[in-house]
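K.L.:
Below: one structure in structure tokens.
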Amino acid sequence: MAATDDVAYVEHPLLAPTFIERRLYQIRLAGAARDDHTLVCLPTGLGKTTVSLLLTAERLHEVGGKSLFLAPTKPLVQQHADFYREALQLPDEDIVVFTGEVRPDDRAELWESAKIVIATPQVVENDLVGNRISLRDVTHLTFDECHRGTGDYAYVYIAERYHADAADPLVTGMSASPGGDEESILEVCENLGLTEVAVMTEDDADVGEHTYDTEVRWEKIQLPEEILEIRDALNEVIVDRLEQLKELGVSGTTSPDLSQKKLNAMRGQLRKMMDNDQSKGYKGMSVHAEVMKLRRAVELVETQSVESVRRYFERQRNAARSSGASKASQRLVSEPKVREAMRKAESYDALHPKFSKTRILLAETLGINDGERVIVFTESRDTAEALTDFLSQSFSTRRFVGQGNKEGSDGMSQKEQQETLDAFRNGEFEVLVSTSVAEEGLDVPEVDLVLFYEPVPTAIRSIQRKGRTGRQTEGKVIVLMAEDTRDEVYFWISRRRESKMENELQKLKTAADELEQQLDKSQRSLGEFSSENGESRENRLGPGMADFDEREVDEDHADDAEQTTAQATTADSTETADSGVTTEDGDAEADEHVETDEAEDESVVATAESDPEEEVVEIVVDQRELDSNIARTLSQRDGVHTRLETLAVGDYILSDRVAVERKSVSDFLDTLTGGDRSMFEQVRDMSRHYSRPVVIVEGENLYGERNVHPNAIRGALASLAVDYGASVLRTEDEGDTADLLEVIASREQTKRKRTVSAHGEKSAKTLSEQQEYVVESIADIGPVTAQALLDHFGSVEAVMIAPKDDLLEVSGVGEVTAERIREIIGSDY
């Protein structure tokens with residue numbers, strides 16, 4: 001341990017000198033997490049990443065291998081990479097970033113040489129499914145914001161693969177808010193293979209030295225009569241629609257303020273009616289959709305702004321005019337009371353009272369109290385944009401939103417996000433108006449005020465937001481709450497959930513040993529690798545890392561154990577117009593570059609662990625099929641090698657003659673009821689390239705799910721088989737589909753000795769199709785870009801000799817693609 005200006009630092013062979021301040025709570029957490037797969041809970045802004053860094057340094061020094069750090073968004077990945085490069089004495093090239101902006105082939109190459117990979121989970125999931133990387137040598141895996149590890153989120157699949165494949169695994173999950181109750185926390189632990197929980201809060205003496213009190217103030221807002229009239233007009237329509245649902249026997253109330261839980265129960269009842277082929281079930285589901293749309297409009301006018309509800313109405317009008325528009329959308333915009341509400345919203349030219357109050361509060365903080373920076377959080381991107389325009393009249397203001405795009409609202413690129421945060425940190429502007437994208441883990445600068453434009457009904461997000469103030473000095477949080485609106489409902493929900501989370505975390509903190517007993521045996525055994533060799537704890541410590549010895553810290557702070565209360569958080573989530581980067585903010589990224597591996601007679605793929613007698617079948621999977629679990633399931637099976645590509649035709653390629661198009665029962669019926677003929681076009685294209693096209697219809701109740709005459713369904717099936725030459729097969733679910741794909745691939749490749757071709761061969765290709773095929777094979781480009789190149793240059797020969805600058809003139813060809821084309825065509829063999 002070294003000291004400079006009375007500040008102590010952690011010493012370690014891999015740590016930059018005098019960089020990591022020695023904070024006892026971080027040392028204690030790192031010590032607790034060193035020998036077991038551990039969930040680390042620490043308030044936002046107090047250095048969870050540092051805990052993981054200390055563990056990574058120790059594992060790399062003592063065990064070797066490589067470290068994998070996963071974070072849910074691109075900005076977070078870049079932020080963590082910058083921190084690791086500063087903090088570790090490793091060459092910068094040993095610490096690499098994996099996002100969808102890095103080509104798949106490049107990622108595979110970088111993986112082999114990297115010591116530390118910091119990545120978004122979707123990219124790693126893709127690379128695992130595509131067999132581009134192996135987790136065998138990863139000795140430390142960190143899941144940042146690990147409360148996301150539920151359901152089908154990529155963290156769950158990666159954890160399963162890691163525990164199965166790694167030779168010497170250690171997992172650390174990090175979150176300021178791991179769940180709303182014991183059950184949800186345990187779910188995260190089980191999904192990620194975590195066997196221990198280490199919790200510290202502001203009440204721990206070590207932590208308290210580095211935190212300051214945060215004042216939370218609630219400001220009640222009274223809505224003007226004009227806004228209430230818009231709301232009341234919409235509520236009248238909701239009452240009418242609930243009357244209709246009551247007549248169908250699925251609603252016991254007509255109150256427009258009914259809970260979401262009751263609405264969900266109604267939907268379940270309607271679904272049962274539809275399953276029993278009752279026509280009123282279909283009618284009721286359409287009415288139910290109207291109610292949901294209307295409630296969203298009421299929520300916007302009550303809690304956001306008149307501008308946001310105006311934009312919402314405009315999107316509904318556009319949706320109703322589009323081809324294949326739902327009856328719910330069409331009825332909604334033609335309803336007289338809704339049209340009246342639209343007119344009132346269009347004619348309202350005064351400020352929403354929340355806008356006025358926001359300006360007053362910012363003037364107090366930045367003017368009267370000489371503050372420097374303020375963050376304003378809002379649920380709606382429309383509100384964020386309107387607020388930015390409004391506040392810019394009085395303050396230096398910029399918006400901060402996610403990368404996704406939606407109609408009428410442009411997102412921000414990763415570069416724009418980083419530039420905005422850097423400018424905010426450097427004091428180039430005073431007010432940051434942000435949606436939920438800035439809540440989670442981003443290193444947003446210390447601010448004088450965090451203003452919630454509305455209460456957050458999810459405690460996790462409330463905790464994340466409050467963590468932006470009170471880190472270095474006393475902070476302040478103000479929440480605006482419109483009286484007698486959903487704001488008040490969300491206020492009480494949030495308070496209740498945070499209180500519940502506090503109790504649950506306290507139980508887990510004071511009785512962490514009981515957690516192991518609640519996990520199944522397979523989970524408990526995951527952490528039993530460190531201490532079985534008989535070495536003492538001291539012998540396993542690296543030089544300069546005696547700070548990690550938990551016993552030393554415990555002796556210094558033996559009285560601290562009884563002084564802790566857990567931080568209030570919850571794992572519940574709500575749907576909002578901008579509910580986080582996993583939806584419209586584009587957090588869930590897929591590979592942004594098309595990949596085609598040139599397979600040369602690779603009908604049988606062998607691995608180092610394979611039995612020489614056991615043949616391995618290869619299944620090529622379209623990138624877009626990662627929305628299902630089929631590719632993940634196949635990738636975990638012995639004897640199956642999955643490869644990811646962006647396929648021109650089909651969802652799965654099983655040999656040089658068999659391609660498969662998968663449709664769920666719902667998607668299949670959509671093609672019959674919505675006028676969308678894309679399925680037949682897809683099968684037609686597939687049959688041109690593959691002599692044995694297969695269509696899989698997945699799911700049950702094909703003839704009962706929708707109000708579609710059975711003969712119409714039979715006619716569509718007959719057309720696929722007779723007109724398009726496709727074999728139509730039925731499966732019960734995704735697991736059944738995975739089994740069928742494996743069987744077909746095995747028959748084709750091991751019994752018939754056929755190769756796998758992602759382009760397919762069929763003699764009936766037209767000249768233009770052959771030309772497109774040739775151009776598609778260059779530089780991993782897709783069919784649309786190939787057609788654009790041929791349209792632009794006129795021939796394959798002209799494409800081949802075109803210089804880079806001319807290539808860049810073609811729509812869809814960027815800098816990377818143009819360089820890749822010239823590299824492939826112009827390089828020596």
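Identifiers in the structure tokens: chain A, B, ... in order shown; residue index from 1 per chain; ligand index from 1 in order shown.
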Neighbouring residues of Gln260 in chain A were defined as those with any atom within 10 Å, considering only C-alpha atoms; residues of the same chain fewer than 6 positions away were excluded. Please report them as a list in words.

P.N.:
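The contact residues come out as Met266, Met292 and Arg295 of chain A.
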
K.L.:
Create the file for the chosen residues now, containing C-alpha atoms and written as an mmCIF file, in the first residue's frame.

P.N.:
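File produced: again-v2.cif:
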data_model
loop_
_atom_site.group_PDB
_atom_site.id
_atom_site.type_symbol
_atom_site.label_atom_id
_atom_site.label_comp_id
_atom_site.auth_asym_id
_atom_site.auth_seq_id
_atom_site.Cartn_x
_atom_site.Cartn_y
_atom_site.Cartn_z
ATOM 1 C CA MET A 266 -58.818 -9.544 -18.970
ATOM 2 C CA MET A 292 -54.415 0.136 -23.772
ATOM 3 C CA ARG A 295 -54.645 4.688 -21.282
#

K.L.:
Which residues of range 154-263 of chain A come within 12 Å of range 634-643 of chain A, and for each one, what is the closest pair of atoms and their distance in Å to one decimal, counting only C-alpha atoms, sorted by chain and residue number, as a Markdown table?

P.N.:
| residue | atom | partner | partner_atom | distance |
| --- | --- | --- | --- | --- |
| A:Tyr157 | CA | A:Gln636 | CA | 9.5 |
| A:Ile158 | CA | A:Gln636 | CA | 10.7 |
| A:Glu160 | CA | A:Gln636 | CA | 9.1 |
| A:Arg161 | CA | A:Gln636 | CA | 7.4 |
| A:Tyr162 | CA | A:Gln636 | CA | 11.0 |
| A:His163 | CA | A:Gln636 | CA | 11.9 |
| A:Ala164 | CA | A:Gln636 | CA | 9.2 |
| A:Asp165 | CA | A:Gln636 | CA | 9.9 |

K.L.:
Using only C-alpha atoms, which residues sit within 12 Å of Glu428 in chain A once same-chain residues fewer than 2 positions away are excluded, as an MDAnalysis selection string?

P.N.:
chainID A and resid 372:373 395:398 419:426 430:432

K.L.:
With C-alpha atoms retained, could you export that selection as a PDB file, in the first residue's frame?

P.N.:
ATOM      1  CA  GLU A 372     -23.254  24.176 -12.042  1.00  0.00           C
ATOM      2  CA  ARG A 373     -25.076  21.146 -13.422  1.00  0.00           C
ATOM      3  CA  PHE A 395     -30.333  27.673 -19.926  1.00  0.00           C
ATOM      4  CA  SER A 396     -27.575  25.960 -21.844  1.00  0.00           C
ATOM      5  CA  THR A 397     -29.356  22.623 -22.428  1.00  0.00           C
ATOM      6  CA  ARG A 398     -28.801  19.426 -24.398  1.00  0.00           C
ATOM      7  CA  GLU A 419     -19.448  13.784 -26.901  1.00  0.00           C
ATOM      8  CA  THR A 420     -22.500  15.031 -25.005  1.00  0.00           C
ATOM      9  CA  LEU A 421     -21.367  13.469 -21.714  1.00  0.00           C
ATOM     10  CA  ASP A 422     -17.826  14.825 -22.163  1.00  0.00           C
ATOM     11  CA  ALA A 423     -19.186  18.308 -22.806  1.00  0.00           C
ATOM     12  CA  PHE A 424     -21.468  18.071 -19.751  1.00  0.00           C
ATOM     13  CA  ARG A 425     -18.562  16.902 -17.598  1.00  0.00           C
ATOM     14  CA  ASN A 426     -16.397  19.762 -18.886  1.00  0.00           C
ATOM     15  CA  GLU A 430     -25.666  23.302 -17.616  1.00  0.00           C
ATOM     16  CA  VAL A 431     -28.695  21.058 -18.121  1.00  0.00           C
ATOM     17  CA  LEU A 432     -28.836  17.487 -19.403  1.00  0.00           C
TER      18      LEU A 432
END

K.L.:
So how far away is CA of Val620 in chain A from CA of Ser687 in chain A, in Å?

P.N.:
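So the two atoms, CA of Ser687 in chain A and CA of Val620 in chain A, lie 17.1 Å apart.
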
K.L.:
Looking at A:Leu647, A:Val117, A:Leu39, A:Leu300, which one is nearest to Glu196 in chain A, with distances taken over only C-alpha atoms?

P.N.:
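Checking each of A:Leu647, A:Val117, A:Leu39, A:Leu300 against Glu196 in chain A, counting only C-alpha atoms, the winner is A:Leu39.
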
K.L.:
Quick one: DSSP alpha helix (DSSP H) residues in range 65-129 of chain A, as a PDB file with N, CA, C and O atoms, in the first residue's frame?

P.N.:
ATOM      1  N   LYS A  74     -23.533   0.049 -25.391  1.00  0.00           N
ATOM      2  CA  LYS A  74     -22.261   0.441 -26.015  1.00  0.00           C
ATOM      3  C   LYS A  74     -21.544   1.552 -25.236  1.00  0.00           C
ATOM      4  O   LYS A  74     -20.328   1.472 -25.043  1.00  0.00           O
ATOM      5  N   PRO A  75     -22.254   2.617 -24.815  1.00  0.00           N
ATOM      6  CA  PRO A  75     -21.549   3.647 -24.044  1.00  0.00           C
ATOM      7  C   PRO A  75     -20.914   3.100 -22.769  1.00  0.00           C
ATOM      8  O   PRO A  75     -19.804   3.494 -22.404  1.00  0.00           O
ATOM      9  N   LEU A  76     -21.596   2.185 -22.087  1.00  0.00           N
ATOM     10  CA  LEU A  76     -21.024   1.583 -20.887  1.00  0.00           C
ATOM     11  C   LEU A  76     -19.789   0.764 -21.216  1.00  0.00           C
ATOM     12  O   LEU A  76     -18.787   0.802 -20.488  1.00  0.00           O
ATOM     13  N   VAL A  77     -19.845   0.009 -22.304  1.00  0.00           N
ATOM     14  CA  VAL A  77     -18.689  -0.795 -22.711  1.00  0.00           C
ATOM     15  C   VAL A  77     -17.482   0.104 -22.933  1.00  0.00           C
ATOM     16  O   VAL A  77     -16.381  -0.174 -22.453  1.00  0.00           O
ATOM     17  N   GLN A  78     -17.666   1.184 -23.663  1.00  0.00           N
ATOM     18  CA  GLN A  78     -16.544   2.084 -23.942  1.00  0.00           C
ATOM     19  C   GLN A  78     -16.035   2.745 -22.672  1.00  0.00           C
ATOM     20  O   GLN A  78     -14.817   2.896 -22.478  1.00  0.00           O
ATOM     21  N   GLN A  79     -16.954   3.117 -21.795  1.00  0.00           N
ATOM     22  CA  GLN A  79     -16.557   3.740 -20.529  1.00  0.00           C
ATOM     23  C   GLN A  79     -15.698   2.790 -19.702  1.00  0.00           C
ATOM     24  O   GLN A  79     -14.649   3.179 -19.169  1.00  0.00           O
ATOM     25  N   HIS A  80     -16.137   1.528 -19.572  1.00  0.00           N
ATOM     26  CA  HIS A  80     -15.367   0.554 -18.792  1.00  0.00           C
ATOM     27  C   HIS A  80     -14.013   0.277 -19.436  1.00  0.00           C
ATOM     28  O   HIS A  80     -13.002   0.113 -18.741  1.00  0.00           O
ATOM     29  N   ALA A  81     -13.966   0.220 -20.763  1.00  0.00           N
ATOM     30  CA  ALA A  81     -12.700  -0.031 -21.452  1.00  0.00           C
ATOM     31  C   ALA A  81     -11.704   1.088 -21.179  1.00  0.00           C
ATOM     32  O   ALA A  81     -10.512   0.836 -20.918  1.00  0.00           O
ATOM     33  N   ASP A  82     -12.167   2.324 -21.221  1.00  0.00           N
ATOM     34  CA  ASP A  82     -11.278   3.460 -20.925  1.00  0.00           C
ATOM     35  C   ASP A  82     -10.727   3.359 -19.505  1.00  0.00           C
ATOM     36  O   ASP A  82      -9.528   3.604 -19.268  1.00  0.00           O
ATOM     37  N   PHE A  83     -11.584   2.999 -18.558  1.00  0.00           N
ATOM     38  CA  PHE A  83     -11.159   2.878 -17.159  1.00  0.00           C
ATOM     39  C   PHE A  83     -10.127   1.758 -16.996  1.00  0.00           C
ATOM     40  O   PHE A  83      -9.090   1.933 -16.340  1.00  0.00           O
ATOM     41  N   TYR A  84     -10.391   0.606 -17.605  1.00  0.00           N
ATOM     42  CA  TYR A  84      -9.462  -0.525 -17.485  1.00  0.00           C
ATOM     43  C   TYR A  84      -8.101  -0.197 -18.094  1.00  0.00           C
ATOM     44  O   TYR A  84      -7.058  -0.592 -17.563  1.00  0.00           O
ATOM     45  N   ARG A  85      -8.104   0.513 -19.216  1.00  0.00           N
ATOM     46  CA  ARG A  85      -6.823   0.848 -19.855  1.00  0.00           C
ATOM     47  C   ARG A  85      -6.015   1.816 -19.007  1.00  0.00           C
ATOM     48  O   ARG A  85      -4.782   1.756 -19.003  1.00  0.00           O
ATOM     49  N   GLU A  86      -6.698   2.702 -18.303  1.00  0.00           N
ATOM     50  CA  GLU A  86      -5.993   3.611 -17.408  1.00  0.00           C
ATOM     51  C   GLU A  86      -5.495   2.914 -16.151  1.00  0.00           C
ATOM     52  O   GLU A  86      -4.402   3.193 -15.659  1.00  0.00           O
ATOM     53  N   ALA A  87      -6.295   1.988 -15.632  1.00  0.00           N
ATOM     54  CA  ALA A  87      -6.010   1.411 -14.313  1.00  0.00           C
ATOM     55  C   ALA A  87      -5.036   0.244 -14.344  1.00  0.00           C
ATOM     56  O   ALA A  87      -4.399  -0.048 -13.335  1.00  0.00           O
ATOM     57  N   PRO A 104     -17.507  -9.478 -37.264  1.00  0.00           N
ATOM     58  CA  PRO A 104     -17.411 -10.794 -36.639  1.00  0.00           C
ATOM     59  C   PRO A 104     -16.054 -11.465 -36.828  1.00  0.00           C
ATOM     60  O   PRO A 104     -15.485 -12.020 -35.888  1.00  0.00           O
ATOM     61  N   ASP A 105     -15.508 -11.418 -38.057  1.00  0.00           N
ATOM     62  CA  ASP A 105     -14.200 -12.020 -38.297  1.00  0.00           C
ATOM     63  C   ASP A 105     -13.121 -11.345 -37.467  1.00  0.00           C
ATOM     64  O   ASP A 105     -12.209 -11.998 -36.948  1.00  0.00           O
ATOM     65  N   ASP A 106     -13.209 -10.016 -37.346  1.00  0.00           N
ATOM     66  CA  ASP A 106     -12.225  -9.284 -36.553  1.00  0.00           C
ATOM     67  C   ASP A 106     -12.346  -9.639 -35.077  1.00  0.00           C
ATOM     68  O   ASP A 106     -11.338  -9.750 -34.374  1.00  0.00           O
ATOM     69  N   ARG A 107     -13.585  -9.827 -34.610  1.00  0.00           N
ATOM     70  CA  ARG A 107     -13.764 -10.199 -33.203  1.00  0.00           C
ATOM     71  C   ARG A 107     -13.121 -11.552 -32.922  1.00  0.00           C
ATOM     72  O   ARG A 107     -12.479 -11.742 -31.876  1.00  0.00           O
ATOM     73  N   ALA A 108     -13.303 -12.499 -33.829  1.00  0.00           N
ATOM     74  CA  ALA A 108     -12.718 -13.829 -33.630  1.00  0.00           C
ATOM     75  C   ALA A 108     -11.204 -13.746 -33.522  1.00  0.00           C
ATOM     76  O   ALA A 108     -10.583 -14.428 -32.689  1.00  0.00           O
ATOM     77  N   GLU A 109     -10.594 -12.891 -34.338  1.00  0.00           N
ATOM     78  CA  GLU A 109      -9.141 -12.737 -34.296  1.00  0.00           C
ATOM     79  C   GLU A 109      -8.698 -12.016 -33.028  1.00  0.00           C
ATOM     80  O   GLU A 109      -7.724 -12.414 -32.373  1.00  0.00           O
ATOM     81  N   LEU A 110      -9.408 -10.950 -32.661  1.00  0.00           N
ATOM     82  CA  LEU A 110      -9.051 -10.195 -31.465  1.00  0.00           C
ATOM     83  C   LEU A 110      -9.193 -11.045 -30.203  1.00  0.00           C
ATOM     84  O   LEU A 110      -8.414 -10.910 -29.258  1.00  0.00           O
ATOM     85  N   TRP A 111     -10.210 -11.905 -30.186  1.00  0.00           N
ATOM     86  CA  TRP A 111     -10.455 -12.747 -29.006  1.00  0.00           C
ATOM     87  C   TRP A 111      -9.222 -13.592 -28.669  1.00  0.00           C
ATOM     88  O   TRP A 111      -8.888 -13.768 -27.498  1.00  0.00           O
ATOM     89  N   GLU A 112      -8.574 -14.123 -29.672  1.00  0.00           N
ATOM     90  CA  GLU A 112      -7.449 -15.025 -29.444  1.00  0.00           C
ATOM     91  C   GLU A 112      -6.289 -14.329 -28.746  1.00  0.00           C
ATOM     92  O   GLU A 112      -5.603 -14.925 -27.909  1.00  0.00           O
ATOM     93  N   SER A 113      -6.053 -13.058 -29.073  1.00  0.00           N
ATOM     94  CA  SER A 113      -4.882 -12.361 -28.526  1.00  0.00           C
ATOM     95  C   SER A 113      -5.185 -11.509 -27.297  1.00  0.00           C
ATOM     96  O   SER A 113      -4.261 -11.110 -26.580  1.00  0.00           O
ATOM     97  N   PRO A 121     -23.492  -7.944 -24.285  1.00  0.00           N
ATOM     98  CA  PRO A 121     -23.796  -9.376 -24.204  1.00  0.00           C
ATOM     99  C   PRO A 121     -24.340  -9.958 -25.498  1.00  0.00           C
ATOM    100  O   PRO A 121     -24.094 -11.122 -25.808  1.00  0.00           O
ATOM    101  N   GLN A 122     -25.079  -9.176 -26.274  1.00  0.00           N
ATOM    102  CA  GLN A 122     -25.657  -9.709 -27.499  1.00  0.00           C
ATOM    103  C   GLN A 122     -24.570 -10.134 -28.488  1.00  0.00           C
ATOM    104  O   GLN A 122     -24.703 -11.156 -29.172  1.00  0.00           O
ATOM    105  N   VAL A 123     -23.480  -9.369 -28.548  1.00  0.00           N
ATOM    106  CA  VAL A 123     -22.392  -9.705 -29.456  1.00  0.00           C
ATOM    107  C   VAL A 123     -21.702 -10.993 -29.014  1.00  0.00           C
ATOM    108  O   VAL A 123     -21.399 -11.868 -29.829  1.00  0.00           O
ATOM    109  N   VAL A 124     -21.448 -11.133 -27.714  1.00  0.00           N
ATOM    110  CA  VAL A 124     -20.817 -12.352 -27.218  1.00  0.00           C
ATOM    111  C   VAL A 124     -21.740 -13.549 -27.426  1.00  0.00           C
ATOM    112  O   VAL A 124     -21.300 -14.645 -27.795  1.00  0.00           O
ATOM    113  N   GLU A 125     -23.026 -13.351 -27.183  1.00  0.00           N
ATOM    114  CA  GLU A 125     -23.988 -14.414 -27.432  1.00  0.00           C
ATOM    115  C   GLU A 125     -23.931 -14.852 -28.898  1.00  0.00           C
ATOM    116  O   GLU A 125     -23.884 -16.053 -29.210  1.00  0.00           O
ATOM    117  N   ASN A 126     -23.922 -13.885 -29.818  1.00  0.00           N
ATOM    118  CA  ASN A 126     -23.829 -14.210 -31.240  1.00  0.00           C
ATOM    119  C   ASN A 126     -22.564 -14.994 -31.551  1.00  0.00           C
ATOM    120  O   ASN A 126     -22.585 -15.962 -32.314  1.00  0.00           O
ATOM    121  N   ASP A 127     -21.443 -14.564 -30.969  1.00  0.00           N
ATOM    122  CA  ASP A 127     -20.176 -15.230 -31.252  1.00  0.00           C
ATOM    123  C   ASP A 127     -20.133 -16.637 -30.670  1.00  0.00           C
ATOM    124  O   ASP A 127     -19.486 -17.525 -31.234  1.00  0.00           O
ATOM    125  N   LEU A 128     -20.802 -16.849 -29.550  1.00  0.00           N
ATOM    126  CA  LEU A 128     -20.876 -18.196 -28.984  1.00  0.00           C
ATOM    127  C   LEU A 128     -21.762 -19.095 -29.836  1.00  0.00           C
ATOM    128  O   LEU A 128     -21.421 -20.242 -30.139  1.00  0.00           O
ATOM    129  N   VAL A 129     -22.923 -18.571 -30.227  1.00  0.00           N
ATOM    130  CA  VAL A 129     -23.824 -19.356 -31.071  1.00  0.00           C
ATOM    131  C   VAL A 129     -23.147 -19.673 -32.402  1.00  0.00           C
ATOM    132  O   VAL A 129     -23.277 -20.781 -32.936  1.00  0.00           O
TER     133      VAL A 129
END

K.L.:
For range 328-342 of chain A, find every residue with an atom within 10 Å (counting only C-alpha atoms), except residues of its own chain fewer than 3 positions away, and show them as JSON, numbers by chain.

P.N.:
{"A": [227, 229, 230, 231, 232, 233, 234, 235, 236, 237, 283, 285, 286, 287, 288, 289, 290, 291, 293, 294, 297, 309, 310, 312, 313, 314, 316, 317, 318, 319, 320, 321, 322, 325, 345, 346, 347]}

K.L.:
Would you write out those residues with C-alpha atoms, as a JSON list (two decimals), in the first residue's frame?

P.N.:
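The file below, selection-v9.json, is the result:
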[["chain", "number", "residue", "atom", "x", "y", "z"],
["A", 227, "ILE", "CA", -55.65, 19.53, -19.68],
["A", 229, "GLU", "CA", -60.79, 18.23, -20.25],
["A", 230, "ILE", "CA", -58.51, 16.35, -22.67],
["A", 231, "ARG", "CA", -58.05, 13.61, -20.08],
["A", 232, "ASP", "CA", -61.77, 13.40, -19.30],
["A", 233, "ALA", "CA", -62.71, 13.07, -22.99],
["A", 234, "LEU", "CA", -60.33, 10.13, -23.33],
["A", 235, "ASN", "CA", -61.57, 8.56, -20.09],
["A", 236, "GLU", "CA", -65.14, 8.64, -21.42],
["A", 237, "VAL", "CA", -64.05, 6.45, -24.31],
["A", 283, "LYS", "CA", -63.68, -8.81, -30.84],
["A", 285, "MET", "CA", -59.06, -8.47, -27.85],
["A", 286, "SER", "CA", -59.43, -5.62, -30.36],
["A", 287, "VAL", "CA", -61.42, -3.56, -27.83],
["A", 288, "HIS", "CA", -58.79, -4.35, -25.19],
["A", 289, "ALA", "CA", -56.10, -2.98, -27.53],
["A", 290, "GLU", "CA", -58.06, 0.27, -27.80],
["A", 291, "VAL", "CA", -58.20, 0.56, -24.01],
["A", 293, "LYS", "CA", -53.82, 2.84, -26.41],
["A", 294, "LEU", "CA", -56.23, 5.21, -24.68],
["A", 297, "ALA", "CA", -52.71, 8.79, -24.15],
["A", 309, "VAL", "CA", -49.85, 13.49, -26.48],
["A", 310, "ARG", "CA", -50.08, 15.49, -29.72],
["A", 312, "TYR", "CA", -48.78, 10.26, -29.88],
["A", 313, "PHE", "CA", -52.07, 11.06, -31.65],
["A", 314, "GLU", "CA", -50.17, 11.83, -34.83],
["A", 316, "GLN", "CA", -51.87, 6.76, -34.19],
["A", 317, "ARG", "CA", -53.29, 8.60, -37.20],
["A", 318, "ASN", "CA", -50.39, 7.45, -39.36],
["A", 319, "ALA", "CA", -50.77, 3.88, -38.11],
["A", 320, "ALA", "CA", -54.47, 3.88, -38.95],
["A", 321, "ARG", "CA", -53.71, 5.02, -42.52],
["A", 322, "SER", "CA", -51.04, 2.39, -43.14],
["A", 325, "ALA", "CA", -53.69, -1.26, -39.97],
["A", 345, "ALA", "CA", -54.60, 19.10, -27.66],
["A", 346, "GLU", "CA", -53.87, 20.83, -30.98],
["A", 347, "SER", "CA", -55.41, 24.11, -29.80]]

K.L.:
Measuring atom to atom with only C-alpha atoms, identify which of A:Asp144, A:Arg822, A:Val207, A:Glu615 is nearest to Leu808 in chain A.

P.N.:
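Smallest distance to Leu808 in chain A is found for A:Arg822.
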
K.L.:
One decimal, Å: what's the distance from CA of Lys753 in chain A over to CA of Leu740 in chain A, could you say?

P.N.:
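About the pair CA of Lys753 in chain A and CA of Leu740 in chain A: they are 18.3 Å apart.
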
K.L.:
In Å, with one decimal, what is the gap from CA of Val447 in chain A to CA of Phe143 in chain A?

P.N.:
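Between CA of Val447 in chain A and CA of Phe143 in chain A the gap works out to 27.1 Å.
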
K.L.:
Give me the residues within 7 Å of Tyr724 in chain A as a ChimeraX atom specification, counting only C-alpha atoms and dropping any in the same chain fewer than 3 places off.

P.N.:
/A:683-684,687,719-721

K.L.:
Keeping only C-alpha atoms, take the residues you just selected and write them out as a PDB file, in the first residue's frame.

P.N.:
ATOM      1  CA  VAL A 683     -40.480 -19.591 -49.891  1.00  0.00           C
ATOM      2  CA  ARG A 684     -40.400 -18.849 -53.623  1.00  0.00           C
ATOM      3  CA  SER A 687     -37.041 -22.784 -53.718  1.00  0.00           C
ATOM      4  CA  SER A 719     -50.041 -23.735 -51.977  1.00  0.00           C
ATOM      5  CA  LEU A 720     -46.689 -23.954 -50.180  1.00  0.00           C
ATOM      6  CA  ALA A 721     -46.416 -27.647 -51.022  1.00  0.00           C
TER       7      ALA A 721
END

K.L.:
If we count only C-alpha atoms, what is near range 361-364 of chain A at a cut-off of 9 Å, once residues fewer than 2 positions away on the same chain are taken out, given as a PDB file with C-alpha atoms, in the first residue's frame?

P.N.:
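Contents of out.pdb, freshly written:
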ATOM      1  CA  SER A 356     -43.050  25.960 -15.743  1.00  0.00           C
ATOM      2  CA  LYS A 357     -42.091  24.293 -12.466  1.00  0.00           C
ATOM      3  CA  THR A 358     -39.003  22.730 -14.049  1.00  0.00           C
ATOM      4  CA  ARG A 359     -37.796  26.136 -15.224  1.00  0.00           C
ATOM      5  CA  LEU A 366     -28.280  27.298 -11.224  1.00  0.00           C
ATOM      6  CA  GLY A 367     -28.975  30.969 -10.472  1.00  0.00           C
ATOM      7  CA  ILE A 368     -29.813  31.684  -6.836  1.00  0.00           C
ATOM      8  CA  ASN A 369     -27.763  28.789  -5.404  1.00  0.00           C
ATOM      9  CA  ASP A 370     -24.863  29.060  -7.888  1.00  0.00           C
ATOM     10  CA  GLY A 371     -25.151  25.446  -9.029  1.00  0.00           C
ATOM     11  CA  VAL A 374     -28.559  19.602 -13.403  1.00  0.00           C
ATOM     12  CA  SER A 394     -33.256  30.060 -20.484  1.00  0.00           C
ATOM     13  CA  PHE A 395     -30.333  27.673 -19.926  1.00  0.00           C
ATOM     14  CA  VAL A 431     -28.695  21.058 -18.121  1.00  0.00           C
ATOM     15  CA  LEU A 449     -29.832  18.502  -8.732  1.00  0.00           C
ATOM     16  CA  LEU A 451     -35.041  16.370 -11.253  1.00  0.00           C
ATOM     17  CA  ILE A 478     -36.802  16.704  -6.667  1.00  0.00           C
TER      18      ILE A 478
END
